[in-house]
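Everything below belongs to work.cif, which stores mmCIF, N, CA and C atoms.
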data_input
loop_
_atom_site.label_atom_id
_atom_site.label_comp_id
_atom_site.auth_asym_id
_atom_site.auth_seq_id
_atom_site.Cartn_x
_atom_site.Cartn_y
_atom_site.Cartn_z
N MET E 1 10.53 -24.74 -48.52
CA MET E 1 10.17 -23.39 -48.15
C MET E 1 8.76 -23.40 -47.55
N LYS E 2 8.57 -22.61 -46.49
CA LYS E 2 7.27 -22.53 -45.83
C LYS E 2 6.28 -21.71 -46.66
N THR E 3 5.02 -22.14 -46.60
CA THR E 3 3.98 -21.35 -47.24
C THR E 3 3.63 -20.19 -46.32
N PHE E 4 2.90 -19.21 -46.84
CA PHE E 4 2.51 -18.05 -46.03
C PHE E 4 1.68 -18.49 -44.83
N LYS E 5 0.76 -19.42 -45.04
CA LYS E 5 -0.11 -19.90 -43.96
C LYS E 5 0.73 -20.54 -42.85
N GLU E 6 1.70 -21.38 -43.21
CA GLU E 6 2.56 -22.02 -42.22
C GLU E 6 3.37 -20.97 -41.46
N PHE E 7 3.81 -19.95 -42.17
CA PHE E 7 4.61 -18.90 -41.55
C PHE E 7 3.79 -18.10 -40.54
N THR E 8 2.56 -17.75 -40.92
CA THR E 8 1.73 -16.93 -40.03
C THR E 8 1.14 -17.71 -38.88
N GLU E 9 1.01 -19.02 -39.03
CA GLU E 9 0.42 -19.83 -37.99
C GLU E 9 1.45 -20.64 -37.22
N ALA E 10 2.70 -20.25 -37.31
CA ALA E 10 3.75 -20.96 -36.58
C ALA E 10 3.53 -20.81 -35.08
N PRO E 11 3.82 -21.85 -34.31
CA PRO E 11 3.62 -21.75 -32.86
C PRO E 11 4.56 -20.71 -32.25
N ARG E 12 4.06 -20.06 -31.22
CA ARG E 12 4.87 -19.07 -30.51
C ARG E 12 5.99 -19.76 -29.76
N ILE E 13 7.13 -19.11 -29.70
CA ILE E 13 8.24 -19.64 -28.93
C ILE E 13 8.17 -19.03 -27.55
N PRO E 14 8.13 -19.85 -26.49
CA PRO E 14 8.03 -19.29 -25.14
C PRO E 14 9.26 -18.43 -24.83
N ARG E 15 9.04 -17.40 -24.02
CA ARG E 15 10.12 -16.48 -23.70
C ARG E 15 11.00 -16.97 -22.57
N LYS E 16 10.44 -17.73 -21.63
CA LYS E 16 11.22 -18.18 -20.49
C LYS E 16 11.54 -19.66 -20.64
N LYS E 17 12.71 -20.05 -20.19
CA LYS E 17 13.13 -21.43 -20.27
C LYS E 17 12.14 -22.32 -19.52
N GLY E 18 11.65 -23.34 -20.19
CA GLY E 18 10.74 -24.28 -19.56
C GLY E 18 9.29 -23.85 -19.56
N GLN E 19 8.99 -22.66 -20.08
CA GLN E 19 7.61 -22.18 -20.09
C GLN E 19 6.90 -22.76 -21.31
N PRO E 20 5.73 -23.38 -21.12
CA PRO E 20 5.04 -23.98 -22.26
C PRO E 20 4.50 -22.94 -23.24
N ALA E 21 4.42 -23.32 -24.50
CA ALA E 21 3.85 -22.43 -25.52
C ALA E 21 2.39 -22.16 -25.20
N GLY E 22 1.95 -20.93 -25.41
CA GLY E 22 0.57 -20.55 -25.14
C GLY E 22 0.29 -20.30 -23.67
N SER E 23 1.33 -20.21 -22.87
CA SER E 23 1.17 -19.99 -21.44
C SER E 23 0.46 -18.68 -21.16
N LYS E 24 -0.46 -18.68 -20.19
CA LYS E 24 -1.17 -17.46 -19.84
C LYS E 24 -0.25 -16.46 -19.15
N LYS E 25 0.87 -16.93 -18.65
CA LYS E 25 1.80 -16.04 -17.96
C LYS E 25 2.78 -15.37 -18.93
N HIS E 26 2.73 -15.76 -20.19
CA HIS E 26 3.63 -15.19 -21.18
C HIS E 26 3.22 -13.75 -21.48
N SER E 27 4.21 -12.88 -21.57
CA SER E 27 3.92 -11.48 -21.87
C SER E 27 4.83 -11.01 -23.00
N ASP E 28 4.25 -10.45 -24.00
CA ASP E 28 5.01 -9.95 -25.14
C ASP E 28 4.42 -8.61 -25.55
N LEU E 29 5.25 -7.61 -25.70
CA LEU E 29 4.77 -6.26 -26.03
C LEU E 29 4.11 -6.15 -27.39
N TYR E 30 4.48 -7.02 -28.33
CA TYR E 30 4.04 -6.81 -29.70
C TYR E 30 3.16 -7.93 -30.26
N THR E 31 2.81 -8.92 -29.44
CA THR E 31 1.97 -10.02 -29.89
C THR E 31 0.57 -9.84 -29.32
N ASP E 32 -0.42 -9.89 -30.20
CA ASP E 32 -1.81 -9.77 -29.78
C ASP E 32 -2.39 -11.17 -29.70
N GLU E 33 -2.41 -11.74 -28.50
CA GLU E 33 -2.86 -13.12 -28.34
C GLU E 33 -4.38 -13.23 -28.31
N ASN E 34 -5.09 -12.13 -28.12
CA ASN E 34 -6.55 -12.15 -28.12
C ASN E 34 -7.04 -10.95 -28.92
N PRO E 35 -7.03 -11.04 -30.25
CA PRO E 35 -7.40 -9.88 -31.06
C PRO E 35 -8.85 -9.43 -30.87
N LYS E 36 -9.71 -10.30 -30.32
CA LYS E 36 -11.10 -9.95 -30.09
C LYS E 36 -11.23 -8.80 -29.09
N GLY E 37 -10.33 -8.74 -28.12
CA GLY E 37 -10.40 -7.72 -27.08
C GLY E 37 -9.56 -6.48 -27.36
N THR E 38 -8.99 -6.38 -28.55
CA THR E 38 -8.08 -5.30 -28.88
C THR E 38 -8.79 -3.94 -28.97
N ILE E 39 -8.14 -2.92 -28.44
CA ILE E 39 -8.61 -1.55 -28.61
C ILE E 39 -7.80 -0.99 -29.78
N HIS E 40 -8.45 -0.83 -30.92
CA HIS E 40 -7.74 -0.43 -32.14
C HIS E 40 -7.46 1.07 -32.18
N GLY E 41 -6.39 1.43 -32.88
CA GLY E 41 -6.09 2.83 -33.14
C GLY E 41 -5.23 3.51 -32.09
N LEU E 42 -4.56 2.74 -31.23
CA LEU E 42 -3.70 3.34 -30.22
C LEU E 42 -2.32 3.61 -30.82
N GLY E 43 -1.65 4.64 -30.34
CA GLY E 43 -0.33 4.96 -30.86
C GLY E 43 0.46 5.86 -29.93
N PHE E 44 1.69 6.13 -30.34
CA PHE E 44 2.55 7.00 -29.54
C PHE E 44 3.56 7.75 -30.41
N LYS E 45 3.17 8.08 -31.65
CA LYS E 45 4.12 8.75 -32.54
C LYS E 45 4.46 10.15 -32.05
N ASP E 46 3.51 10.80 -31.34
CA ASP E 46 3.76 12.08 -30.69
C ASP E 46 2.82 12.20 -29.50
N VAL E 47 2.99 13.25 -28.72
CA VAL E 47 2.20 13.43 -27.50
C VAL E 47 0.71 13.54 -27.83
N LYS E 48 0.39 14.22 -28.90
CA LYS E 48 -1.01 14.39 -29.30
C LYS E 48 -1.67 13.03 -29.58
N THR E 49 -0.96 12.16 -30.28
CA THR E 49 -1.46 10.82 -30.59
C THR E 49 -1.63 10.01 -29.31
N ALA E 50 -0.67 10.12 -28.39
CA ALA E 50 -0.75 9.39 -27.13
C ALA E 50 -1.97 9.86 -26.32
N GLU E 51 -2.21 11.18 -26.30
CA GLU E 51 -3.37 11.72 -25.57
C GLU E 51 -4.68 11.25 -26.21
N ALA E 52 -4.73 11.21 -27.53
CA ALA E 52 -5.92 10.71 -28.23
C ALA E 52 -6.13 9.23 -27.93
N SER E 53 -5.03 8.49 -27.81
CA SER E 53 -5.11 7.06 -27.49
C SER E 53 -5.66 6.84 -26.08
N VAL E 54 -5.24 7.67 -25.15
CA VAL E 54 -5.76 7.56 -23.78
C VAL E 54 -7.27 7.80 -23.78
N LYS E 55 -7.72 8.76 -24.57
CA LYS E 55 -9.17 9.02 -24.69
C LYS E 55 -9.89 7.79 -25.27
N LYS E 56 -9.26 7.14 -26.25
CA LYS E 56 -9.85 5.93 -26.83
C LYS E 56 -9.93 4.82 -25.79
N ILE E 57 -8.89 4.69 -24.99
CA ILE E 57 -8.88 3.67 -23.94
C ILE E 57 -10.01 3.95 -22.95
N GLU E 58 -10.13 5.22 -22.53
CA GLU E 58 -11.17 5.58 -21.56
C GLU E 58 -12.56 5.30 -22.10
N GLY E 59 -12.79 5.56 -23.36
CA GLY E 59 -14.11 5.40 -23.95
C GLY E 59 -14.35 4.04 -24.59
N SER E 60 -13.46 3.09 -24.35
CA SER E 60 -13.54 1.80 -25.04
C SER E 60 -14.65 0.89 -24.53
N GLY E 61 -15.11 1.12 -23.31
CA GLY E 61 -16.14 0.25 -22.75
C GLY E 61 -15.58 -1.06 -22.21
N LYS E 62 -14.27 -1.19 -22.18
CA LYS E 62 -13.63 -2.40 -21.66
C LYS E 62 -13.60 -2.32 -20.13
N SER E 63 -13.22 -3.43 -19.51
CA SER E 63 -13.15 -3.47 -18.05
C SER E 63 -12.01 -2.58 -17.55
N HIS E 64 -12.07 -2.26 -16.28
CA HIS E 64 -11.06 -1.43 -15.63
C HIS E 64 -9.66 -2.06 -15.84
N ALA E 65 -9.56 -3.35 -15.58
CA ALA E 65 -8.27 -4.05 -15.71
C ALA E 65 -7.78 -4.03 -17.16
N HIS E 66 -8.69 -4.21 -18.11
CA HIS E 66 -8.32 -4.23 -19.53
C HIS E 66 -7.75 -2.87 -19.94
N LYS E 67 -8.37 -1.80 -19.46
CA LYS E 67 -7.90 -0.45 -19.78
C LYS E 67 -6.49 -0.24 -19.24
N ILE E 68 -6.26 -0.68 -18.02
CA ILE E 68 -4.92 -0.52 -17.42
C ILE E 68 -3.90 -1.33 -18.22
N GLN E 69 -4.24 -2.56 -18.58
CA GLN E 69 -3.31 -3.39 -19.34
C GLN E 69 -2.96 -2.76 -20.69
N ALA E 70 -3.95 -2.18 -21.36
CA ALA E 70 -3.70 -1.53 -22.65
C ALA E 70 -2.76 -0.34 -22.47
N ALA E 71 -3.01 0.46 -21.43
CA ALA E 71 -2.17 1.64 -21.18
C ALA E 71 -0.74 1.23 -20.82
N ILE E 72 -0.60 0.17 -20.02
CA ILE E 72 0.74 -0.29 -19.64
C ILE E 72 1.51 -0.78 -20.87
N ALA E 73 0.84 -1.54 -21.73
CA ALA E 73 1.51 -2.04 -22.94
C ALA E 73 1.98 -0.87 -23.81
N MET E 74 1.12 0.13 -23.98
CA MET E 74 1.49 1.29 -24.81
C MET E 74 2.61 2.09 -24.16
N GLU E 75 2.56 2.23 -22.84
CA GLU E 75 3.63 2.95 -22.15
C GLU E 75 4.97 2.24 -22.35
N GLN E 76 4.96 0.92 -22.21
CA GLN E 76 6.19 0.15 -22.37
C GLN E 76 6.71 0.22 -23.80
N ARG E 77 5.81 0.14 -24.76
CA ARG E 77 6.23 0.24 -26.16
C ARG E 77 6.87 1.60 -26.44
N ALA E 78 6.24 2.67 -25.93
CA ALA E 78 6.78 4.01 -26.14
C ALA E 78 8.15 4.14 -25.47
N ARG E 79 8.26 3.62 -24.26
CA ARG E 79 9.53 3.71 -23.53
C ARG E 79 10.65 2.97 -24.27
N VAL E 80 10.34 1.78 -24.80
CA VAL E 80 11.34 1.00 -25.54
C VAL E 80 11.81 1.76 -26.77
N MET E 81 10.92 2.53 -27.38
CA MET E 81 11.27 3.32 -28.57
C MET E 81 11.95 4.64 -28.20
N GLY E 82 12.13 4.90 -26.91
CA GLY E 82 12.81 6.12 -26.48
C GLY E 82 11.91 7.35 -26.46
N LYS E 83 10.62 7.15 -26.49
CA LYS E 83 9.66 8.27 -26.50
C LYS E 83 9.15 8.50 -25.09
N THR E 84 9.95 9.18 -24.29
CA THR E 84 9.62 9.35 -22.87
C THR E 84 8.44 10.29 -22.65
N ALA E 85 8.29 11.32 -23.46
CA ALA E 85 7.16 12.25 -23.29
C ALA E 85 5.84 11.53 -23.57
N GLU E 86 5.83 10.69 -24.61
CA GLU E 86 4.63 9.94 -24.96
C GLU E 86 4.34 8.89 -23.90
N ALA E 87 5.40 8.25 -23.39
CA ALA E 87 5.23 7.25 -22.32
C ALA E 87 4.66 7.91 -21.06
N ALA E 88 5.05 9.15 -20.82
CA ALA E 88 4.57 9.88 -19.63
C ALA E 88 3.06 10.13 -19.70
N VAL E 89 2.53 10.31 -20.91
CA VAL E 89 1.08 10.50 -21.08
C VAL E 89 0.36 9.23 -20.59
N TYR E 90 0.85 8.08 -21.00
CA TYR E 90 0.25 6.82 -20.56
C TYR E 90 0.46 6.61 -19.06
N ARG E 91 1.63 6.99 -18.55
CA ARG E 91 1.93 6.82 -17.12
C ARG E 91 0.95 7.63 -16.27
N ARG E 92 0.64 8.86 -16.69
CA ARG E 92 -0.33 9.68 -15.95
C ARG E 92 -1.69 8.99 -15.88
N TYR E 93 -2.11 8.41 -16.99
CA TYR E 93 -3.38 7.69 -17.02
C TYR E 93 -3.33 6.46 -16.10
N ILE E 94 -2.22 5.74 -16.13
CA ILE E 94 -2.06 4.56 -15.28
C ILE E 94 -2.15 4.95 -13.81
N GLU E 95 -1.47 6.04 -13.44
CA GLU E 95 -1.51 6.50 -12.04
C GLU E 95 -2.93 6.90 -11.64
N LYS E 96 -3.65 7.54 -12.55
CA LYS E 96 -5.05 7.91 -12.28
C LYS E 96 -5.89 6.65 -12.04
N MET E 97 -5.67 5.64 -12.86
CA MET E 97 -6.42 4.39 -12.72
C MET E 97 -6.04 3.65 -11.44
N LYS E 98 -4.78 3.77 -11.01
CA LYS E 98 -4.35 3.14 -9.76
C LYS E 98 -5.12 3.71 -8.57
N LYS E 99 -5.36 5.02 -8.60
CA LYS E 99 -6.14 5.65 -7.52
C LYS E 99 -7.56 5.10 -7.50
N ILE E 100 -8.14 4.92 -8.69
CA ILE E 100 -9.50 4.37 -8.78
C ILE E 100 -9.50 2.93 -8.25
N THR E 101 -8.48 2.16 -8.61
CA THR E 101 -8.37 0.78 -8.14
C THR E 101 -8.29 0.74 -6.62
N LYS E 102 -7.47 1.62 -6.06
CA LYS E 102 -7.30 1.66 -4.61
C LYS E 102 -8.63 1.99 -3.93
N LYS E 103 -9.36 2.95 -4.48
CA LYS E 103 -10.65 3.34 -3.92
C LYS E 103 -11.63 2.16 -3.97
N LYS E 104 -11.67 1.45 -5.12
CA LYS E 104 -12.54 0.28 -5.26
C LYS E 104 -12.18 -0.78 -4.22
N ASN E 105 -10.89 -1.02 -4.03
CA ASN E 105 -10.44 -2.03 -3.08
C ASN E 105 -10.82 -1.65 -1.65
N GLU E 106 -10.70 -0.38 -1.32
CA GLU E 106 -11.08 0.08 0.02
C GLU E 106 -12.58 -0.10 0.24
N GLU E 107 -13.39 0.21 -0.78
CA GLU E 107 -14.83 0.03 -0.66
C GLU E 107 -15.19 -1.44 -0.49
N THR E 108 -14.51 -2.30 -1.24
CA THR E 108 -14.75 -3.74 -1.14
C THR E 108 -14.40 -4.24 0.26
N GLU E 109 -13.28 -3.76 0.79
CA GLU E 109 -12.84 -4.17 2.13
C GLU E 109 -13.84 -3.71 3.18
N SER E 110 -14.34 -2.48 3.08
CA SER E 110 -15.31 -1.98 4.07
C SER E 110 -16.62 -2.77 3.96
N ASN E 111 -17.04 -3.13 2.75
CA ASN E 111 -18.24 -3.95 2.57
C ASN E 111 -18.04 -5.34 3.18
N ARG E 112 -16.86 -5.90 3.02
CA ARG E 112 -16.55 -7.22 3.56
C ARG E 112 -16.61 -7.17 5.09
N GLN E 113 -16.06 -6.11 5.68
CA GLN E 113 -16.09 -5.97 7.14
C GLN E 113 -17.52 -5.82 7.64
N ARG E 114 -18.32 -5.05 6.92
CA ARG E 114 -19.71 -4.84 7.30
C ARG E 114 -20.47 -6.17 7.29
N LEU E 115 -20.26 -6.98 6.27
CA LEU E 115 -20.91 -8.29 6.18
C LEU E 115 -20.47 -9.21 7.32
N THR E 116 -19.18 -9.18 7.63
CA THR E 116 -18.65 -10.01 8.71
C THR E 116 -19.28 -9.59 10.04
N ASN E 117 -19.38 -8.29 10.29
CA ASN E 117 -19.98 -7.80 11.53
C ASN E 117 -21.45 -8.19 11.62
N THR E 118 -22.16 -8.14 10.51
CA THR E 118 -23.59 -8.52 10.49
C THR E 118 -23.75 -10.00 10.81
N LYS E 119 -22.89 -10.84 10.25
CA LYS E 119 -22.95 -12.30 10.51
C LYS E 119 -22.66 -12.60 11.97
N VAL E 120 -21.71 -11.88 12.57
CA VAL E 120 -21.36 -12.09 13.98
C VAL E 120 -22.54 -11.70 14.87
N GLN E 121 -23.19 -10.59 14.54
CA GLN E 121 -24.34 -10.14 15.33
C GLN E 121 -25.50 -11.13 15.23
N GLU E 122 -25.74 -11.65 14.02
CA GLU E 122 -26.81 -12.62 13.84
C GLU E 122 -26.53 -13.90 14.63
N LYS E 123 -25.27 -14.29 14.67
CA LYS E 123 -24.86 -15.52 15.36
C LYS E 123 -25.06 -15.36 16.88
N ASN E 124 -24.80 -14.15 17.39
CA ASN E 124 -24.93 -13.88 18.83
C ASN E 124 -26.39 -13.82 19.27
N CYS E 125 -27.31 -13.55 18.36
CA CYS E 125 -28.74 -13.41 18.73
C CYS E 125 -29.43 -14.71 18.92
#
Same coordinates, now as structure tokens:
Amino acid sequence: MKTFKEFTEAPRIPRKKGQPAGSKKHSDLYTDENPKGTIHGLGFKDVKTAEASVKKIEGSGKSHAHKIQAAIAMEQRARVMGKTAEAAVYRRYIEKMKKITKKKNEETESNRQRLTNTKVQEKNC
């Protein structure tokens, strides 16, 4: 019989055939592979809890990408449990963040073009 320690520290079984254990491409809705970066206290038991969770995500101080990943995981968990209204709360937040991402990408692209134009002008002089 396995001891508790052996049971809790058992290696993860990869989800895809041929995928190595601990793969960075592995995705699991319920496994926290990096507990250091976890945003604690998120939930979806009702719409009010989901809205409070979105506020926690917004105020977490994590990176833009981390916030989106947390919201996507919670949306998927809610959807799997059949809680469509709660999942919709997370979806609204995700869509809001997508607009911010798009704006950031457009700004980055315009900055890149400006730098390219400056280098071309310097080269011509």
Q | Residue among E:Ala65, E:Leu115, E:Val80, E:Ala87 lying closest to Thr101 (chain E), counting only C-alpha atoms | A |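 With only C-alpha atoms as the atom set, the closest residue is E:Ala65.
Taking CA of Gly61 (chain E) and CA of His40 (chain E) as the two end points, the separation is 12.6 Å.
The two atoms in question, CA of Val54 (chain E) and CA of Glu75 (chain E), are spaced 10.6 Å apart.
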Taken to one decimal, the CA of Glu109 (chain E)-CA of Asn124 (chain E) distance is 22.8 Å
Within 8 Å of Val47 (chain E) using all atoms listed in the file, minus same-chain residues under 2 positions, as number ranges by chain: E: 43-45, 49-53, 85-87, 89
- Would you please give, as a PyMOL selection string, all residues of region 38-117 of chain E that DSSP assigns to helix (DSSP H, G or I) based on the backbone? chain E and resi 47-58+64-80+84-117
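Shortest atom-to-atom contact with Ile94 (chain E) among E:Thr108, E:Gln76, E:Ser60, E:Thr118: E:Gln76, counting only C-alpha atoms.
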Exercise. Could you spell out the hits of the PyMOL selection byres (((chain E and resi 38 and name CA) around 12) and name CA) on the shown file, as JSON, numbers by chain?
Worked result: {"E": [31, 32, 33, 34, 35, 36, 37, 39, 40, 41, 42, 56, 57, 60, 61, 62, 66, 67, 69, 70, 71, 73]}
For the residues selected in the previous step, produce a file with N, CA and C atoms as a short mmCIF file (atom, residue, chain, number, x, y, z; two decimals), keeping the file's coordinate frame.
data_model
loop_
_atom_site.label_atom_id
_atom_site.label_comp_id
_atom_site.auth_asym_id
_atom_site.auth_seq_id
_atom_site.Cartn_x
_atom_site.Cartn_y
_atom_site.Cartn_z
N THR E 31 2.81 -8.92 -29.44
CA THR E 31 1.97 -10.02 -29.89
C THR E 31 0.57 -9.84 -29.32
N ASP E 32 -0.42 -9.89 -30.20
CA ASP E 32 -1.81 -9.77 -29.78
C ASP E 32 -2.39 -11.17 -29.70
N GLU E 33 -2.41 -11.74 -28.50
CA GLU E 33 -2.86 -13.12 -28.34
C GLU E 33 -4.38 -13.23 -28.31
N ASN E 34 -5.09 -12.13 -28.12
CA ASN E 34 -6.55 -12.15 -28.12
C ASN E 34 -7.04 -10.95 -28.92
N PRO E 35 -7.03 -11.04 -30.25
CA PRO E 35 -7.40 -9.88 -31.06
C PRO E 35 -8.85 -9.43 -30.87
N LYS E 36 -9.71 -10.30 -30.32
CA LYS E 36 -11.10 -9.95 -30.09
C LYS E 36 -11.23 -8.80 -29.09
N GLY E 37 -10.33 -8.74 -28.12
CA GLY E 37 -10.40 -7.72 -27.08
C GLY E 37 -9.56 -6.48 -27.36
N ILE E 39 -8.14 -2.92 -28.44
CA ILE E 39 -8.61 -1.55 -28.61
C ILE E 39 -7.80 -0.99 -29.78
N HIS E 40 -8.45 -0.83 -30.92
CA HIS E 40 -7.74 -0.43 -32.14
C HIS E 40 -7.46 1.07 -32.18
N GLY E 41 -6.39 1.43 -32.88
CA GLY E 41 -6.09 2.83 -33.14
C GLY E 41 -5.23 3.51 -32.09
N LEU E 42 -4.56 2.74 -31.23
CA LEU E 42 -3.70 3.34 -30.22
C LEU E 42 -2.32 3.61 -30.82
N LYS E 56 -9.26 7.14 -26.25
CA LYS E 56 -9.85 5.93 -26.83
C LYS E 56 -9.93 4.82 -25.79
N ILE E 57 -8.89 4.69 -24.99
CA ILE E 57 -8.88 3.67 -23.94
C ILE E 57 -10.01 3.95 -22.95
N SER E 60 -13.46 3.09 -24.35
CA SER E 60 -13.54 1.80 -25.04
C SER E 60 -14.65 0.89 -24.53
N GLY E 61 -15.11 1.12 -23.31
CA GLY E 61 -16.14 0.25 -22.75
C GLY E 61 -15.58 -1.06 -22.21
N LYS E 62 -14.27 -1.19 -22.18
CA LYS E 62 -13.63 -2.40 -21.66
C LYS E 62 -13.60 -2.32 -20.13
N HIS E 66 -8.69 -4.21 -18.11
CA HIS E 66 -8.32 -4.23 -19.53
C HIS E 66 -7.75 -2.87 -19.94
N LYS E 67 -8.37 -1.80 -19.46
CA LYS E 67 -7.90 -0.45 -19.78
C LYS E 67 -6.49 -0.24 -19.24
N GLN E 69 -4.24 -2.56 -18.58
CA GLN E 69 -3.31 -3.39 -19.34
C GLN E 69 -2.96 -2.76 -20.69
N ALA E 70 -3.95 -2.18 -21.36
CA ALA E 70 -3.70 -1.53 -22.65
C ALA E 70 -2.76 -0.34 -22.47
N ALA E 71 -3.01 0.46 -21.43
CA ALA E 71 -2.17 1.64 -21.18
C ALA E 71 -0.74 1.23 -20.82
N ALA E 73 0.84 -1.54 -21.73
CA ALA E 73 1.51 -2.04 -22.94
C ALA E 73 1.98 -0.87 -23.81
#
